[in-house]
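Chemist: My structure file protein25.cif, mmCIF, C-alpha atoms and all ligand atoms; chains and numbers go by the auth columns, is below:
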```cif
data_upload
loop_
_atom_site.group_PDB
_atom_site.id
_atom_site.type_symbol
_atom_site.label_atom_id
_atom_site.label_comp_id
_atom_site.label_asym_id
_atom_site.label_seq_id
_atom_site.Cartn_x
_atom_site.Cartn_y
_atom_site.Cartn_z
_atom_site.B_iso_or_equiv
_atom_site.auth_seq_id
_atom_site.auth_asym_id
ATOM 1 C CA MET A 1 0.000 0.000 0.000 0.00 1 A
ATOM 2 C CA VAL A 2 1.661 3.226 -1.113 0.00 2 A
ATOM 3 C CA LYS A 3 1.999 6.411 0.939 0.00 3 A
ATOM 4 C CA GLU A 4 -0.270 8.290 -1.454 0.00 4 A
ATOM 5 C CA THR A 5 -3.115 5.852 -0.770 0.00 5 A
ATOM 6 C CA HIS A 6 -2.614 6.335 2.958 0.00 6 A
ATOM 7 C CA ASP A 7 -2.626 10.122 2.667 0.00 7 A
ATOM 8 C CA TRP A 8 -5.813 10.096 0.584 0.00 8 A
ATOM 9 C CA ILE A 9 -7.446 7.867 3.167 0.00 9 A
ATOM 10 C CA GLU A 10 -6.567 10.333 5.940 0.00 10 A
ATOM 11 C CA VAL A 11 -8.094 13.131 3.847 0.00 11 A
ATOM 12 C CA LEU A 12 -11.224 11.080 3.208 0.00 12 A
ATOM 13 C CA THR A 13 -11.755 10.377 6.908 0.00 13 A
ATOM 14 C CA ALA A 14 -11.174 14.050 7.733 0.00 14 A
ATOM 15 C CA LEU A 15 -13.914 14.966 5.239 0.00 15 A
ATOM 16 C CA LEU A 16 -16.310 12.472 6.779 0.00 16 A
ATOM 17 C CA GLU A 17 -15.660 13.733 10.288 0.00 17 A
ATOM 18 C CA ALA A 18 -15.555 17.457 9.488 0.00 18 A
ATOM 19 C CA LYS A 19 -19.192 18.135 10.331 0.00 19 A
ATOM 20 C CA ASN A 20 -19.097 16.441 13.701 0.00 20 A
ATOM 21 C CA SER A 21 -16.846 18.273 16.134 0.00 21 A
ATOM 22 C CA TYR A 22 -17.117 15.404 18.606 0.00 22 A
ATOM 23 C CA THR A 23 -15.546 12.816 16.335 0.00 23 A
ATOM 24 C CA ARG A 24 -13.120 15.088 14.448 0.00 24 A
ATOM 25 C CA GLY A 25 -9.683 13.477 14.319 0.00 25 A
ATOM 26 C CA HIS A 26 -10.966 10.207 15.798 0.00 26 A
ATOM 27 C CA SER A 27 -10.215 8.004 12.784 0.00 27 A
ATOM 28 C CA VAL A 28 -6.712 9.377 12.350 0.00 28 A
ATOM 29 C CA ARG A 29 -5.934 8.751 16.028 0.00 29 A
ATOM 30 C CA VAL A 30 -7.446 5.253 15.956 0.00 30 A
ATOM 31 C CA GLY A 31 -5.329 4.296 12.917 0.00 31 A
ATOM 32 C CA HIS A 32 -2.140 5.498 14.582 0.00 32 A
ATOM 33 C CA LEU A 33 -2.909 3.906 17.926 0.00 33 A
ATOM 34 C CA ALA A 34 -3.803 0.623 16.196 0.00 34 A
ATOM 35 C CA ASP A 35 -0.447 0.839 14.384 0.00 35 A
ATOM 36 C CA ALA A 36 1.390 1.304 17.692 0.00 36 A
ATOM 37 C CA LEU A 37 -0.467 -1.672 19.209 0.00 37 A
ATOM 38 C CA ALA A 38 0.391 -3.828 16.192 0.00 38 A
ATOM 39 C CA GLN A 39 4.045 -2.958 16.788 0.00 39 A
ATOM 40 C CA VAL A 40 3.841 -3.861 20.453 0.00 40 A
ATOM 41 C CA LEU A 41 2.471 -7.222 19.315 0.00 41 A
ATOM 42 C CA VAL A 42 5.429 -7.473 16.904 0.00 42 A
ATOM 43 C CA LEU A 43 3.280 -8.002 13.838 0.00 43 A
ATOM 44 C CA GLY A 44 4.894 -7.830 10.401 0.00 44 A
ATOM 45 C CA ASP A 45 5.208 -4.539 8.563 0.00 45 A
ATOM 46 C CA GLU A 46 2.582 -5.409 5.946 0.00 46 A
ATOM 47 C CA GLU A 47 0.000 -6.503 8.511 0.00 47 A
ATOM 48 C CA THR A 48 0.745 -3.414 10.588 0.00 48 A
ATOM 49 C CA LYS A 49 0.150 -1.169 7.567 0.00 49 A
ATOM 50 C CA LEU A 50 -3.179 -2.869 6.849 0.00 50 A
ATOM 51 C CA ILE A 51 -4.270 -2.384 10.456 0.00 51 A
ATOM 52 C CA HIS A 52 -3.198 1.281 10.315 0.00 52 A
ATOM 53 C CA LEU A 53 -5.342 1.868 7.218 0.00 53 A
ATOM 54 C CA ALA A 54 -8.296 -0.149 8.509 0.00 54 A
ATOM 55 C CA GLY A 55 -8.076 1.900 11.709 0.00 55 A
ATOM 56 C CA HIS A 56 -8.471 5.063 9.651 0.00 56 A
ATOM 57 C CA LEU A 57 -11.410 3.593 7.735 0.00 57 A
ATOM 58 C CA HIS A 58 -13.146 1.690 10.534 0.00 58 A
ATOM 59 C CA ASP A 59 -16.196 3.997 10.667 0.00 59 A
ATOM 60 C CA ILE A 60 -16.432 4.811 6.954 0.00 60 A
ATOM 61 C CA GLY A 61 -19.783 2.973 6.869 0.00 61 A
ATOM 62 C CA LYS A 62 -21.287 5.779 8.966 0.00 62 A
ATOM 63 C CA ILE A 63 -21.705 7.569 5.640 0.00 63 A
ATOM 64 C CA GLY A 64 -24.720 5.250 5.257 0.00 64 A
ATOM 65 C CA VAL A 65 -26.277 6.174 8.617 0.00 65 A
ATOM 66 C CA PRO A 66 -28.625 9.224 8.651 0.00 66 A
ATOM 67 C CA ASP A 67 -27.090 12.392 10.146 0.00 67 A
ATOM 68 C CA ALA A 68 -30.174 12.811 12.313 0.00 68 A
ATOM 69 C CA VAL A 69 -29.199 9.582 14.043 0.00 69 A
ATOM 70 C CA LEU A 70 -25.423 10.106 14.131 0.00 70 A
ATOM 71 C CA LEU A 71 -25.706 13.634 15.511 0.00 71 A
ATOM 72 C CA LYS A 72 -28.573 12.931 17.890 0.00 72 A
ATOM 73 C CA THR A 73 -27.694 13.889 21.440 0.00 73 A
ATOM 74 C CA GLY A 74 -30.563 12.092 23.162 0.00 74 A
ATOM 75 C CA LYS A 75 -31.184 8.392 23.655 0.00 75 A
ATOM 76 C CA LEU A 76 -31.503 6.397 20.419 0.00 76 A
ATOM 77 C CA THR A 77 -34.664 4.456 19.672 0.00 77 A
ATOM 78 C CA LEU A 78 -34.306 0.742 18.999 0.00 78 A
ATOM 79 C CA GLU A 79 -34.714 1.379 15.289 0.00 79 A
ATOM 80 C CA GLU A 80 -32.065 4.140 15.308 0.00 80 A
ATOM 81 C CA TRP A 81 -29.669 1.885 17.194 0.00 81 A
ATOM 82 C CA GLU A 82 -30.212 -0.856 14.610 0.00 82 A
ATOM 83 C CA SER A 83 -29.249 1.592 11.855 0.00 83 A
ATOM 84 C CA VAL A 84 -26.059 2.606 13.729 0.00 84 A
ATOM 85 C CA LYS A 85 -25.176 -1.081 14.059 0.00 85 A
ATOM 86 C CA GLN A 86 -25.177 -1.371 10.264 0.00 86 A
ATOM 87 C CA HIS A 87 -22.103 0.853 9.872 0.00 87 A
ATOM 88 C CA PRO A 88 -19.477 -1.930 10.056 0.00 88 A
ATOM 89 C CA VAL A 89 -21.443 -3.906 7.455 0.00 89 A
ATOM 90 C CA ILE A 90 -21.754 -0.897 5.136 0.00 90 A
ATOM 91 C CA GLY A 91 -18.066 -0.050 5.620 0.00 91 A
ATOM 92 C CA GLY A 92 -16.999 -3.595 4.767 0.00 92 A
ATOM 93 C CA GLU A 93 -19.182 -3.585 1.661 0.00 93 A
ATOM 94 C CA ILE A 94 -17.781 -0.244 0.460 0.00 94 A
ATOM 95 C CA LEU A 95 -14.182 -1.413 0.836 0.00 95 A
ATOM 96 C CA ALA A 96 -14.843 -4.808 -0.740 0.00 96 A
ATOM 97 C CA LYS A 97 -15.757 -3.035 -3.998 0.00 97 A
ATOM 98 C CA THR A 98 -12.143 -2.049 -4.754 0.00 98 A
ATOM 99 C CA ALA A 99 -9.374 -4.608 -5.161 0.00 99 A
ATOM 100 C CA ALA A 100 -6.885 -2.176 -3.578 0.00 100 A
ATOM 101 C CA LEU A 101 -8.847 -1.931 -0.309 0.00 101 A
ATOM 102 C CA ALA A 102 -10.659 -5.290 -0.223 0.00 102 A
ATOM 103 C CA SER A 103 -8.171 -6.752 2.274 0.00 103 A
ATOM 104 C CA LEU A 104 -9.310 -4.091 4.769 0.00 104 A
ATOM 105 C CA ALA A 105 -12.998 -5.069 4.484 0.00 105 A
ATOM 106 C CA PRO A 106 -13.036 -7.879 7.099 0.00 106 A
ATOM 107 C CA LEU A 107 -11.111 -5.742 9.605 0.00 107 A
ATOM 108 C CA VAL A 108 -13.684 -2.975 9.243 0.00 108 A
ATOM 109 C CA ARG A 109 -16.707 -5.299 9.273 0.00 109 A
ATOM 110 C CA HIS A 110 -15.669 -6.857 12.582 0.00 110 A
ATOM 111 C CA HIS A 111 -14.391 -3.865 14.575 0.00 111 A
ATOM 112 C CA HIS A 112 -17.435 -3.985 16.905 0.00 112 A
ATOM 113 C CA GLU A 113 -17.248 -7.697 17.643 0.00 113 A
ATOM 114 C CA ARG A 114 -16.393 -8.577 21.230 0.00 114 A
ATOM 115 C CA TRP A 115 -14.011 -11.239 22.530 0.00 115 A
ATOM 116 C CA ASP A 116 -16.945 -12.806 24.464 0.00 116 A
ATOM 117 C CA GLY A 117 -19.124 -13.010 21.345 0.00 117 A
ATOM 118 C CA LYS A 118 -21.625 -10.351 22.404 0.00 118 A
ATOM 119 C CA GLY A 119 -20.678 -7.795 19.760 0.00 119 A
ATOM 120 C CA TYR A 120 -21.965 -7.127 16.252 0.00 120 A
ATOM 121 C CA PRO A 121 -22.633 -7.621 13.364 0.00 121 A
ATOM 122 C CA ASP A 122 -21.828 -11.361 13.347 0.00 122 A
ATOM 123 C CA ARG A 123 -21.360 -12.155 17.058 0.00 123 A
ATOM 124 C CA LEU A 124 -17.937 -13.650 16.363 0.00 124 A
ATOM 125 C CA SER A 125 -15.852 -14.454 19.423 0.00 125 A
ATOM 126 C CA GLY A 126 -12.199 -14.994 20.372 0.00 126 A
ATOM 127 C CA HIS A 127 -9.795 -15.817 17.581 0.00 127 A
ATOM 128 C CA ASP A 128 -12.608 -15.999 15.018 0.00 128 A
ATOM 129 C CA ILE A 129 -12.453 -12.189 15.053 0.00 129 A
ATOM 130 C CA PRO A 130 -9.657 -10.935 12.766 0.00 130 A
ATOM 131 C CA LEU A 131 -6.687 -9.801 14.870 0.00 131 A
ATOM 132 C CA GLY A 132 -6.741 -6.381 13.192 0.00 132 A
ATOM 133 C CA SER A 133 -10.346 -5.912 14.285 0.00 133 A
ATOM 134 C CA ARG A 134 -9.479 -6.884 17.867 0.00 134 A
ATOM 135 C CA ILE A 135 -6.711 -4.265 17.833 0.00 135 A
ATOM 136 C CA ILE A 136 -8.924 -1.563 16.321 0.00 136 A
ATOM 137 C CA ALA A 137 -11.616 -2.351 18.932 0.00 137 A
ATOM 138 C CA VAL A 138 -9.249 -1.406 21.774 0.00 138 A
ATOM 139 C CA ALA A 139 -7.916 1.693 19.985 0.00 139 A
ATOM 140 C CA ASP A 140 -11.446 2.810 19.063 0.00 140 A
ATOM 141 C CA SER A 141 -12.878 2.334 22.556 0.00 141 A
ATOM 142 C CA PHE A 142 -9.962 4.073 24.241 0.00 142 A
ATOM 143 C CA ASP A 143 -10.120 7.096 21.946 0.00 143 A
ATOM 144 C CA ALA A 144 -13.906 7.313 22.370 0.00 144 A
ATOM 145 C CA MET A 145 -13.546 7.228 26.161 0.00 145 A
ATOM 146 C CA VAL A 146 -10.975 10.017 26.344 0.00 146 A
ATOM 147 C CA SER A 147 -12.832 12.224 23.850 0.00 147 A
ATOM 148 C CA ALA A 148 -15.736 14.505 24.787 0.00 148 A
ATOM 149 C CA ARG A 149 -19.209 13.514 23.637 0.00 149 A
ATOM 150 C CA PRO A 150 -22.364 15.670 23.456 0.00 150 A
ATOM 151 C CA TYR A 151 -23.697 13.859 26.541 0.00 151 A
ATOM 152 C CA ARG A 152 -20.496 13.727 28.627 0.00 152 A
ATOM 153 C CA ASN A 153 -17.025 15.232 29.095 0.00 153 A
ATOM 154 C CA ALA A 154 -13.886 13.338 28.137 0.00 154 A
ATOM 155 C CA LEU A 155 -13.096 10.655 30.695 0.00 155 A
ATOM 156 C CA ALA A 156 -9.806 10.706 32.598 0.00 156 A
ATOM 157 C CA LEU A 157 -6.937 8.644 31.204 0.00 157 A
ATOM 158 C CA GLU A 158 -6.667 6.578 34.383 0.00 158 A
ATOM 159 C CA TRP A 159 -10.359 5.748 34.206 0.00 159 A
ATOM 160 C CA ALA A 160 -9.961 4.624 30.588 0.00 160 A
ATOM 161 C CA PHE A 161 -6.936 2.466 31.486 0.00 161 A
ATOM 162 C CA SER A 162 -8.872 0.686 34.219 0.00 162 A
ATOM 163 C CA GLU A 163 -11.814 0.156 31.879 0.00 163 A
ATOM 164 C CA ILE A 164 -9.531 -1.492 29.283 0.00 164 A
ATOM 165 C CA ARG A 165 -8.184 -3.695 32.088 0.00 165 A
ATOM 166 C CA ARG A 166 -11.682 -4.501 33.325 0.00 166 A
ATOM 167 C CA GLN A 167 -12.911 -5.442 29.845 0.00 167 A
ATOM 168 C CA SER A 168 -9.924 -7.702 29.115 0.00 168 A
ATOM 169 C CA GLY A 169 -11.362 -11.126 28.239 0.00 169 A
ATOM 170 C CA LYS A 170 -14.881 -9.663 27.970 0.00 170 A
ATOM 171 C CA GLN A 171 -15.013 -6.931 25.345 0.00 171 A
ATOM 172 C CA PHE A 172 -11.321 -7.131 24.434 0.00 172 A
ATOM 173 C CA ASP A 173 -8.781 -9.776 23.492 0.00 173 A
ATOM 174 C CA PRO A 174 -6.662 -10.124 26.681 0.00 174 A
ATOM 175 C CA LEU A 175 -3.429 -10.010 24.657 0.00 175 A
ATOM 176 C CA VAL A 176 -4.386 -6.778 22.929 0.00 176 A
ATOM 177 C CA ALA A 177 -5.542 -5.252 26.212 0.00 177 A
ATOM 178 C CA GLU A 178 -2.164 -6.154 27.724 0.00 178 A
ATOM 179 C CA ALA A 179 -0.342 -4.625 24.743 0.00 179 A
ATOM 180 C CA PHE A 180 -2.367 -1.464 25.263 0.00 180 A
ATOM 181 C CA LEU A 181 -1.478 -1.272 28.961 0.00 181 A
ATOM 182 C CA ILE A 182 2.231 -1.800 28.172 0.00 182 A
ATOM 183 C CA LEU A 183 2.041 0.989 25.590 0.00 183 A
ATOM 184 C CA ALA A 184 0.245 3.237 28.083 0.00 184 A
ATOM 185 C CA GLN A 185 3.049 2.667 30.570 0.00 185 A
ATOM 186 C CA CYS A 186 6.026 2.935 28.216 0.00 186 A
ATOM 187 C CA ALA A 187 4.962 5.389 25.537 0.00 187 A
ATOM 188 C CA PRO A 188 1.851 7.260 26.710 0.00 188 A
ATOM 189 C CA GLU A 189 2.353 9.921 24.055 0.00 189 A
ATOM 190 C CA LYS A 190 1.458 7.263 21.474 0.00 190 A
ATOM 191 C CA LEU A 191 -2.079 7.085 22.816 0.00 191 A
ATOM 192 C CA LEU A 192 -3.345 10.409 21.540 0.00 192 A
ATOM 193 C CA LEU A 193 -1.483 10.952 18.317 0.00 193 A
ATOM 194 C CA GLU A 194 -3.060 12.566 15.302 0.00 194 A
ATOM 195 C CA SER A 195 0.167 12.596 13.350 0.00 195 A
ATOM 196 C CA SER A 196 3.577 11.015 13.385 0.00 196 A
ATOM 197 C CA LYS A 197 5.980 11.977 16.149 0.00 197 A
ATOM 198 C CA GLU A 198 9.138 10.426 17.500 0.00 198 A
ATOM 199 C CA SER A 199 8.808 8.592 20.784 0.00 199 A
ATOM 200 C CA THR A 200 11.044 9.939 23.541 0.00 200 A
ATOM 201 C CA VAL A 201 9.392 8.953 26.800 0.00 201 A
ATOM 202 C CA CYS A 202 10.932 5.481 26.995 0.00 202 A
ATOM 203 C CA GLU A 203 14.508 6.446 26.222 0.00 203 A
ATOM 204 C CA LYS A 204 15.441 6.475 29.876 0.00 204 A
ATOM 205 C CA GLY A 205 14.939 3.502 32.140 0.00 205 A
ATOM 206 C CA ASP A 206 14.493 0.868 29.437 0.00 206 A
ATOM 207 C CA GLU A 207 16.497 -1.532 31.590 0.00 207 A
ATOM 208 C CA GLU A 208 13.974 -1.061 34.392 0.00 208 A
ATOM 209 C CA LYS A 209 11.279 -2.530 32.197 0.00 209 A
ATOM 210 C CA PRO A 210 12.819 -5.758 30.870 0.00 210 A
ATOM 211 C CA ALA A 211 9.457 -7.134 29.710 0.00 211 A
ATOM 212 C CA GLY A 212 8.987 -4.107 27.506 0.00 212 A
ATOM 213 C CA ALA A 213 12.546 -3.744 26.211 0.00 213 A
ATOM 214 C CA ASP A 214 11.872 -5.322 22.837 0.00 214 A
ATOM 215 C CA LEU A 215 8.611 -3.496 22.499 0.00 215 A
ATOM 216 C CA ILE A 216 10.257 -0.173 23.311 0.00 216 A
ATOM 217 C CA GLN A 217 12.746 -0.734 20.502 0.00 217 A
ATOM 218 C CA ARG A 218 9.832 -1.351 18.135 0.00 218 A
ATOM 219 C CA ILE A 219 8.056 1.773 19.284 0.00 219 A
ATOM 220 C CA LYS A 220 11.193 3.871 18.880 0.00 220 A
ATOM 221 C CA LYS A 221 11.688 2.830 15.298 0.00 221 A
ATOM 222 C CA SER A 222 8.024 3.288 14.532 0.00 222 A
ATOM 223 C CA ALA A 223 7.466 5.585 11.586 0.00 223 A
ATOM 224 C CA TYR A 224 3.922 6.249 10.496 0.00 224 A
ATOM 225 C CA PHE A 225 3.903 6.122 6.748 0.00 225 A
HETATM 226 FE FE FE B . -2.081 7.448 9.163 0.00 301 A
HETATM 227 FE FE FE B . -17.526 1.902 14.650 0.00 302 A
#
```
Show how you would write the structure in this file as structure tokens.

Modeler:
Amino acid sequence: MVKETHDWIEVLTALLEAKNSYTRGHSVRVGHLADALAQVLVLGDEETKLIHLAGHLHDIGKIGVPDAVLLKTGKLTLEEWESVKQHPVIGGEILAKTAALASLAPLVRHHHERWDGKGYPDRLSGHDIPLGSRIIAVADSFDAMVSARPYRNALALEWAFSEIRRQSGKQFDPLVAEAFLILAQCAPEKLLLESSKESTVCEKGDEEKPAGADLIQRIKKSAYF
């Protein structure tokens, strides 16, 4: 996947999010956080790039959900909620239309599945959920928690960390949740990135965190393409 494709995808997601101040920048941050998590999990470069792009495009199917529903500040009716739940399906179908992006379709379709099988749209569980989707699920939930919403302020980082811990093995793949918590400890600046920046936080004291030494090396050499 070439850099130009990536850059156009970032532009596309910015266009989609421009009219909603509450989600502006969300898809860019989710793609970059998913990339950092893929590196913690020592995935290959190609798989990491796919997860990065799928992270940017995870909510592209919201283009098919009425604005009146997406921007509604009150409680959704059952019918409205059902239409919101279609967005991963719509997103997967949009991406499957182009050969260049078809490999991202399953990652997008399954980003709201849960490890315990209680998610949507297909109620997949455990390792039946594509790994990229399990990674995007953690990145997406974390970014949503620490962002303001019309009905609540942004939640504190520490609260979000404990929620990721609490949902390990329920909503989230335990391995991905652990990778997230390692990243939060060693390179917290990676959690809220909209664009590429060098990691500096873990330069000191690497030897104090032997379990994370390899991962810190990966984070340091991380370059968002
Ligand atoms: Fe990106
Ligand atoms: Fe979503």

Chemist: Got a sec: who's within 10 Å of His58 (chain A), counting only C-alpha atoms, leaving out chain neighbours fewer than 6 positions off, as a list in words?

Modeler: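 Near neighbours after the sequence-gap exclusion: Thr13, Ser27, Val30, Gly31, Ile51, His52, His87, Pro88, Gly91, Gly92, Leu104, Ala105, Leu107, Val108, Arg109, His110, His111, His112, Ser133, Ile136, Ala137 and Asp140 of chain A.
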
Chemist: Just want the 8 Å neighbourhood of Lys190 (chain A), counted on all atoms listed in the file, with same-chain residues fewer than 5 positions away dropped. Output as a list in words.

Modeler: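 So the residues in contact are His32, Leu33, Ala36, Leu183, Ala184 and Ser199 of chain A.
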
Chemist: Within 8 Å of Leu192 (chain A), counting all atoms listed in the file, which residues qualify if same-chain residues fewer than 3 places away don't, as an NGL selection string?

Modeler: :A and (29 or 33 or 143 or 188-189)

Chemist: Evaluate the PyMOL selection byres (((chain A and resi 138) around 8) and not hetatm) against this structure - the residues, as number ranges by chain, please.

Modeler: A: 134-137, 139-142, 164, 172, 176-177, 180

Chemist: Please give the centre and size of the box around region 66-78 of chain A (axis-aligned, containing every atom listed in the file, 3 Å added per side), with values in Å to one decimal and written as JSON.

Modeler:
```
{"center_x": -30.0, "center_y": 7.3, "center_z": 16.2, "size_x": 15.2, "size_y": 19.1, "size_z": 21.0}
```

Chemist: With only C-alpha atoms as the basis for distance, which of A:Leu15, A:Ala156, A:Leu131, A:Val84 is at the shortest distance from Glu47 (chain A)?

Modeler: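 For Glu47 (chain A), the nearest of the given residues is A:Leu131.
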
Chemist: Kindly indicate which residue among A:Gly61, A:Pro106, A:Gly169, A:Gly117 lies nearest to ligand FE 302 (chain A), using all atoms listed in the file for the distances.

Modeler: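 Closest residue, counting all atoms listed in the file: A:Gly61.
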
Chemist: My list of candidates is A:Leu43, A:Ala34, A:Ile9, A:Ile90. Which is closest to ligand FE 302 (chain A) when distances are computed with only C-alpha atoms and all ligand atoms?

Modeler: A:Ile90

Chemist: Could you tell me how far CA of Val28 (chain A) sits from CA of Phe161 (chain A), in Å to one decimal place?

Modeler: 20.3 Å

Chemist: What is the distance, in Å and to one decimal place, between atom FE of ligand FE 302 (chain A) and CA of Ile60 (chain A)?

Modeler: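 Rounded to one decimal, the two atoms are 8.3 Å apart.
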
Chemist: Running the PyMOL selection byres (((chain A and resi 2) around 12) and not hetatm) on this model by hand, what would come out? Give it as a list in words.

Modeler: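 That expression, the PyMOL selection byres (((chain A and resi 2) around 12) and not hetatm), corresponds here to Met1, Lys3, Glu4, Thr5, His6, Asp7, Trp8, Ile9, Glu46, Lys49, Leu50, Leu53, Ala100, Leu101 and Phe225 of chain A.
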
Chemist: What is the CA of Asn20 (chain A)-CA of Leu71 (chain A) distance in Å, reported with one decimal?

Modeler: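 Interatomic distance here is 7.4 Å.
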
Chemist: Evaluate the PyMOL selection byres (((chain A and resi 123) around 12) and not hetatm) here and jot the selected residues down as number ranges by chain.

Modeler: A: 109-122, 124-126, 128-129, 171

Chemist: Calculated over all atoms listed in the file, which of the candidates A:Ala160, A:Ala144, A:Ala14, A:Ile63 has the smallest distance to ligand FE 301 (chain A)?

Modeler: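 For ligand FE 301 (chain A), the nearest of the candidates is A:Ala14.
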
Chemist: List the spatial neighbours of Pro66 (chain A) as number ranges by chain - criterion: any atom at most 10 Å away, only C-alpha atoms, same-chain residues fewer than 4 positions off excluded.

Modeler: A: 62, 70-72, 80, 83-84

Chemist: N, CA and C atoms are needed for region 155-172 of chain A; please write them out as an mmCIF file, keeping the file's coordinate frame.

Modeler:
```cif
data_model
loop_
_atom_site.group_PDB
_atom_site.id
_atom_site.type_symbol
_atom_site.label_atom_id
_atom_site.label_comp_id
_atom_site.auth_asym_id
_atom_site.auth_seq_id
_atom_site.Cartn_x
_atom_site.Cartn_y
_atom_site.Cartn_z
ATOM 1 N N LEU A 155 -13.406 11.368 29.450
ATOM 2 C CA LEU A 155 -13.096 10.655 30.695
ATOM 3 C C LEU A 155 -11.594 10.717 30.963
ATOM 4 N N ALA A 156 -11.221 10.617 32.224
ATOM 5 C CA ALA A 156 -9.806 10.706 32.598
ATOM 6 C C ALA A 156 -9.040 9.498 32.057
ATOM 7 N N LEU A 157 -7.768 9.729 31.731
ATOM 8 C CA LEU A 157 -6.937 8.644 31.204
ATOM 9 C C LEU A 157 -6.938 7.435 32.130
ATOM 10 N N GLU A 158 -6.747 7.691 33.433
ATOM 11 C CA GLU A 158 -6.667 6.578 34.383
ATOM 12 C C GLU A 158 -7.955 5.757 34.395
ATOM 13 N N TRP A 159 -9.071 6.447 34.254
ATOM 14 C CA TRP A 159 -10.359 5.748 34.206
ATOM 15 C C TRP A 159 -10.400 4.846 32.974
ATOM 16 N N ALA A 160 -9.951 5.395 31.840
ATOM 17 C CA ALA A 160 -9.961 4.624 30.588
ATOM 18 C C ALA A 160 -9.025 3.413 30.696
ATOM 19 N N PHE A 161 -7.867 3.604 31.321
ATOM 20 C CA PHE A 161 -6.936 2.466 31.486
ATOM 21 C C PHE A 161 -7.609 1.356 32.293
ATOM 22 N N SER A 162 -8.277 1.731 33.385
ATOM 23 C CA SER A 162 -8.872 0.686 34.219
ATOM 24 C C SER A 162 -10.039 0.018 33.503
ATOM 25 N N GLU A 163 -10.718 0.755 32.650
ATOM 26 C CA GLU A 163 -11.814 0.156 31.879
ATOM 27 C C GLU A 163 -11.269 -0.866 30.863
ATOM 28 N N ILE A 164 -10.147 -0.532 30.223
ATOM 29 C CA ILE A 164 -9.531 -1.492 29.283
ATOM 30 C C ILE A 164 -9.128 -2.754 30.058
ATOM 31 N N ARG A 165 -8.591 -2.557 31.244
ATOM 32 C CA ARG A 165 -8.184 -3.695 32.088
ATOM 33 C C ARG A 165 -9.417 -4.535 32.476
ATOM 34 N N ARG A 166 -10.467 -3.836 32.862
ATOM 35 C CA ARG A 166 -11.682 -4.501 33.325
ATOM 36 C C ARG A 166 -12.356 -5.299 32.194
ATOM 37 N N GLN A 167 -12.247 -4.790 30.984
ATOM 38 C CA GLN A 167 -12.911 -5.442 29.845
ATOM 39 C C GLN A 167 -12.024 -6.477 29.159
ATOM 40 N N SER A 168 -10.811 -6.683 29.684
ATOM 41 C CA SER A 168 -9.924 -7.702 29.115
ATOM 42 C C SER A 168 -10.592 -9.070 29.277
ATOM 43 N N GLY A 169 -10.715 -9.818 28.186
ATOM 44 C CA GLY A 169 -11.362 -11.126 28.239
ATOM 45 C C GLY A 169 -12.878 -11.041 28.136
ATOM 46 N N LYS A 170 -13.428 -9.835 28.159
ATOM 47 C CA LYS A 170 -14.881 -9.663 27.970
ATOM 48 C C LYS A 170 -15.088 -8.974 26.615
ATOM 49 N N GLN A 171 -14.902 -7.639 26.628
ATOM 50 C CA GLN A 171 -15.013 -6.931 25.345
ATOM 51 C C GLN A 171 -13.750 -7.132 24.496
ATOM 52 N N PHE A 172 -12.592 -7.162 25.172
ATOM 53 C CA PHE A 172 -11.321 -7.131 24.434
ATOM 54 C C PHE A 172 -10.524 -8.426 24.543
#
```
